[in-house]
Amino acid sequence: MSCLQTWPEPIVRVQHLSESGITAIPERYVKRLSDWSTSETECDVNIPVVDLSNLFSDDNSLREKTLSIVSDACRKWGFFQVVNHGVSHELMKRTREVWREFFRLPLEEKEAYGNSPATYEGYGSRLGVEKGISLDWCDYFFLRYLPLSARDRNKWPKLPLSCRELIAEYGEELVKLCGKLMKVFSVNLGLEEDYLQKAFGGEDFGATMRANLYPKCPQPNHTLGLSPHSDPGGMTVILPDDHVSGLQVRRADKWVTVKPVPNAFIVNIGDQIQVMSNATYKSVEHRVIVNSAKERVSLAFFYNPNGKIPIKPAEKLVTEEQPALYPTMTYNEYRLFIREIGLCGKSQIESLKLPH
């Protein structure tokens, strides 16, 4: 579609705005009063934390308890943190820091990777192509990791010098982690261990990565780093900033600020697994707040179905009492639907529910 080839307006880099010395943010970044980051929050709870090493324990009761914790998290929260996940802590730290260094490069170096809405691949500062939409206080770099046919290392940053190597190694480790989690999700749903992975395309699935920079903001309560949304893909694995919190998860009518555990990943269910589980698992609305004192860098790894394979509720989870809640649709079709309207809470996936 030609309307997706170029941005409808000139792109402004949020980092440039932040560093320009402004004391008030442009009107395009001001959110509705009901969406201000001072809206109802809950401070005395945190998302569940799962020790993945317990899944391989000789103690059967410990394994079953861990599976139960994951199951409850997927059903009630849509989010959880994982520790002892098998990914090198040093690799996590180095990968996050290389992206922090990238965002500190001169603007002209970063602009060489400026993206378009055709694929979003590269250096960007907005989501959604509708002219005049509200903008988020965030710059990002988006890249394709899998399938290999879609991977182009020349589109990955050549600076810092270690960036491309770290992206490749980090991606390889996160693919392994996601593979483990897919088996856990399948078993907990009462499906064959490899059901979800096969439904994603077996070895022919997709994976992308987005490095996010949330610069310091002179009016943090009036805007958001990322507007409320659920993730359209299968599963997201987030490496948060190790110094600054910012991710918030909707819990009933309140926002819960996630308190990152050291060396943990944050995992959340995406819309495609909600569909496959026939809404047994929930892709939960979340957002990102910003602050005036510190910038924040996070990495999101998106583990997705093959874009050409029809996605539908698992037949074993469809009964007379619980009929199929969603129509069959490929991930490519759903992704195009999302891109045209931008981030809109849970409205996209909810609008697809079948009448019963």
# chains A, B, ... in the order shown; residues from 1 in each chain; ligands from 1
$ select_by_dssp --residues "segment 91-302 of chain A" --states "helix (DSSP H, G or I)" --output "JSON, numbers by chain"
{"A": [91, 92, 93, 94, 95, 96, 97, 98, 99, 100, 101, 102, 103, 107, 108, 109, 110, 111, 148, 149, 150, 153, 154, 155, 163, 164, 165, 166, 167, 168, 169, 170, 171, 172, 173, 174, 175, 176, 177, 178, 179, 180, 181, 182, 183, 184, 185, 186, 187, 188, 195, 196, 197, 198, 199, 220, 221, 222, 271, 272, 273, 274, 275, 276]}
$ residues_around --residues "segment 304-318 of chain A" --least-positions-apart "3" --cutoff "6 Å" --atoms "only C-alpha atoms" --output "list in words"
Phe200, Gly201, Phe205, Gly206, Ala207, Gly233, Gly234, Val275, Met276, Ser277, Asn278, Gln322, Pro323, Ala324, Thr328, Met329, Thr330, Tyr331 and Asn332 of chain A
$ write_last_selection --atoms "C-alpha atoms" --output "PDB file, in the first residue's frame"
ATOM      1  CA  PHE A 200       3.923 -20.715  14.683  1.00  0.00           C
ATOM      2  CA  GLY A 201       5.478 -22.481  11.693  1.00  0.00           C
ATOM      3  CA  PHE A 205       8.793 -18.561  12.589  1.00  0.00           C
ATOM      4  CA  GLY A 206       9.576 -14.869  12.875  1.00  0.00           C
ATOM      5  CA  ALA A 207      11.554 -12.767  15.345  1.00  0.00           C
ATOM      6  CA  GLY A 233       2.724 -10.870  18.004  1.00  0.00           C
ATOM      7  CA  GLY A 234       3.212 -14.112  19.892  1.00  0.00           C
ATOM      8  CA  VAL A 275      -5.992 -16.142  19.997  1.00  0.00           C
ATOM      9  CA  MET A 276      -4.421 -19.630  19.950  1.00  0.00           C
ATOM     10  CA  SER A 277      -5.334 -20.184  23.606  1.00  0.00           C
ATOM     11  CA  ASN A 278      -8.880 -18.974  22.885  1.00  0.00           C
ATOM     12  CA  GLN A 322     -16.320 -22.127  25.039  1.00  0.00           C
ATOM     13  CA  PRO A 323     -16.695 -21.619  21.269  1.00  0.00           C
ATOM     14  CA  ALA A 324     -13.953 -20.076  19.142  1.00  0.00           C
ATOM     15  CA  THR A 328      -8.833 -17.209  11.397  1.00  0.00           C
ATOM     16  CA  MET A 329      -6.303 -14.580  10.295  1.00  0.00           C
ATOM     17  CA  THR A 330      -2.625 -14.582   9.359  1.00  0.00           C
ATOM     18  CA  TYR A 331      -0.184 -12.565  11.438  1.00  0.00           C
ATOM     19  CA  ASN A 332       0.675 -10.493   8.351  1.00  0.00           C
TER      20      ASN A 332
END
$ residues_around --residues "Glu165 of chain A" --least-positions-apart "6" --cutoff "12 Å" --atoms "only C-alpha atoms" --output "ChimeraX atom specification"
/A:91,94-95,98,153-154,156-159,171-172
$ closest_residue --among "A:Leu247, A:Ala112, A:Val288, A:Val187" --to "Glu64 of chain A" --atoms "only C-alpha atoms"
A:Val187
$ atom_distance --atom1 "atom CA of Leu336 of chain A" --atom2 "atom CA of Leu127 of chain A"
12.3 Å
$ select_by_dssp --residues "segment 165-288 of chain A" --states "strand (DSSP E)" --output "MDAnalysis selection string"
chainID A and resid 206:214 226:229 235:239 247:251 254:257 265:269 286:288
$ residues_around --residues "segment 79-87 of chain A" --least-positions-apart "2" --cutoff "6 Å" --atoms "only C-alpha atoms" --output "list of chain:residue names"
A:Ile47, A:Pro48, A:Val49, A:Val50, A:Asp51, A:Leu52, A:Ser53, A:Trp77, A:Ala264, A:Phe265, A:Ile266, A:Val267, A:Asn268
